[in-house]
Each structure stands twice: as structure tokens, then as C-alpha cells.
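Right, one structure below, let's go through it.
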Amino acid sequence: MGSVNENFKASNDEAIVKRVQEGDVEAYNLLVIKYQHKIFQVIGKFVNNQADIADVAQEAFIKAYRAINSFRADSSFYTWLYRIAVNTAKTHLESNNKTRNHLDVDSPEFQSIDEQGVLASSDTPDRIIESQELQQVIIDAMADLPTELSEAITLREVEGMSYEDMAVVLKVPIGTVRSRIFRARQFIEQRMTKFAK
Amino acid sequence: MTTSHESENAEYLSALFDGESSQTEKLSLSAEHKQTLKNYSLIGAALRNELPRKVDMSFSDSVMNTIAKEKIVPELKIIPVPTYKFVFRKVATAVAQMAMVASVAAVTVIGYQTFTADSSVIQESASNALGPVDGVNLASYQTSSQASNKINLSTDEDKAENAVKLNSSELKKQQALEVERINNYIRGYVVSTASN
């Protein structure tokens, strides 16, 4: 079930992981931000309940943090994280199957789940956003980007190419690649901010 | 309006997100930086069509809060201490491998020498091996067909004379002596070869 996106082979996370291994906790925050959506998607293939997906994802990221010193860069960081996420999801499913027969469907836990399977919690409702509209805003912004910028951000985010490879493909210096990717992100981010307001 | 320093910082953050930053000092991310990184993550996920139906913007904060609250630290890398059994197995394996390699090498060398050896050398070696033992050379019993005929001829010529001179008991005596002489030679050859 599911496979690692091969496009992410080129993703250069070793430098960030090394920072974490040297005790830089903030660097781990960067990895969580970077991979949270991919990990949610992977776990979503095993677990249906949205609230459970978040819990399992959190458990997977914490397990990965504990084991970060055992990461030896034999594979990409995402491949390593993917394995941890899948194992955590499977363990969750097994334990869930064991306890399912003992659950009381009239319990408050079941009452607080809405029709979409999302936990009707009042913890941080404003922090949960509908992704469909957001995705449309981003796609529209991409259409308005100058070709050189949309090309750069696509090679990076969709193809997973390194700056070095992109410099070869686009026949520009690495500094230009870096600048184009940044400008593309900045442009799209401004549109996202307008949407949020 | 952003200053050039702010712009450089923002560009650095974008490269850092891609793991393409060469700077190695400890990260210190402000709330604004974190929000920017979250937006970058959303952009990438949207372009790859990976966005979940609902996006929890506080997920990473909750992971980092749990790590801080529960004082979770990365586990130390466990380096296994080699046991006696482990070391013995390693050494035994190495010795077995060396023995196998030596056997193969020996067979190869001997095989190669045998294959490339000159046939005359082999013949010479064989005749040397059948050299004189205790003063008697086996070659003296290896007669050519010509010599053999000669012996046969001389035997035929002298048959009548010998029949007169020697009676049958003397002939038997001579034969017995000859057999003993041959046996002595063979015995000496075997003993000599064994002692070598």
C-alpha cells in the first residue's frame, strides 16, 4: 500500500538532519513543517479517522525525533520517515482492532466526531483550514507567475530537483536558481495571505 | 517595503527549506519565519496535489510542544560491544576464508605447473625416480626389444650346451637366485622411497 515518491530522492535534507543530530531542535521543526502534509497523506491510506491521522502523525514524528541519531543517510530522510510513519500506522491499526470490540459507541468520544470523521474539537478551530480553496488560490497564482519562475518552482517542488541539477537544466548559475525559487514562493505567498484575509 | 537585508534573510529561509543552505549555525526561527516556512510547505504540497482535505496549521507547533514538554531527546546511538563469541566467530571465519584461498591458490599453481611442464622433464623425472637403489638399477631389467631378442637368441644357441652342462636342479637354483635378486631390488626401492 503506497510507495515513496521517487521524486524526493534528490531532496537534500542531510544538512538539516545533521543539525538536528548536533542538537538543533529548531531544525527538526523545519523537517516537521516540510513533511507534515506528505506524512498525513501516507497515514491517511491506513487510518480513516482525521483525528486519528493527526495523532498517528504526531507519534511518528516523535518516534523519528527519538531515533534521529540512527539515521545514517543510506536512504533519503523522507524514505526513512516514511517507514516510521507506515509502521506507526500499522501498530495503531492493530491496537485499534484489538480494542474495537470493547468500545462503547455511546461514549462521549464517539459523540464528538462529526459526519466527516473530523474531531469536533474546540481546541484550535481557526487553525484548521479547508484545503480545496487554498489549492485553487495556489494554482491560480502559478498561472500568473512569469514562466521562468513557474518553471523553477515546478522543477523544485514537483520534480524534486536539487539547485545544482536545476542550474544545469536551466543553464543559469545556482544563485539565480535560488533567487527564482524564492521569488516564486514570495509571489504565491502574497496571494495566499490575501486569501486568508 | 523590505530592505535588502530582509530580502536576503527571506531568500536564505527559502534555501534553508530546500536543504540548500550552506550556513551551519544553530537555527533561531521567529514566529514570522515559521509561518513563512508553513506557507512554503503548503505551496509544495498543493503543487504535488498532496494537501489533505483539512490542513492543521498548528500541527508542527503541537509536535514541538510535546517534544519540549515531555523533554524528549534523541536516543544515543548504541554501539555493540564485541563479545568473546563474536570475536571467535570473526577470527574463525577469517581463518577458514584464508585456508580456502590458500587451497585454491595451491591447486591453481600445481595445476598450472603440471599443465605447462615440458614432457621431456617429466620423462627425466620418471627415470630419476627409478634410479639406482642399493647399487642396482631397475633399468638393467628394462631391455630393449633388440637386447631382449639377443638374450633370447643366446639362450637358444646355448640351450643344448647348457642342457648338457647343467642339470635341472642347478637351473632351478639359478632361477630362484634371480627371483630373489629382483625381490631384493624391489624391496630396496620401496624402503628407499619410503625413507625419502
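Residue names in the C-alpha cells use chain letters A, B, ... in the order shown, residue numbers from 1 in each chain, and ligand numbers from 1 in the order shown.
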7 Å contacts from chain A to chain B using only C-alpha atoms, as a PyMOL selection string: chain A and resi 12-13+15-16+24+26-27+29+32-34+37-38+41+58+65-70+127-132+135+138+157-158+178-179+182+185+189
Point-to-point distance in Å for atom CA of Arg180 of chain A and atom CA of Gly160 of chain A: 15.3 Å
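You can rank A:Met192, A:Phe71, A:Arg156, A:Tyr82 by their closest distance to Ile139 of chain A using only C-alpha atoms, and at the top of that list sits A:Met192.
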Shell around Pro146 of chain A at 12 Å using only C-alpha atoms, local window under 2 positions removed, as a ChimeraX atom specification: /A:141-144,148-153,180-181,183-184,187-188
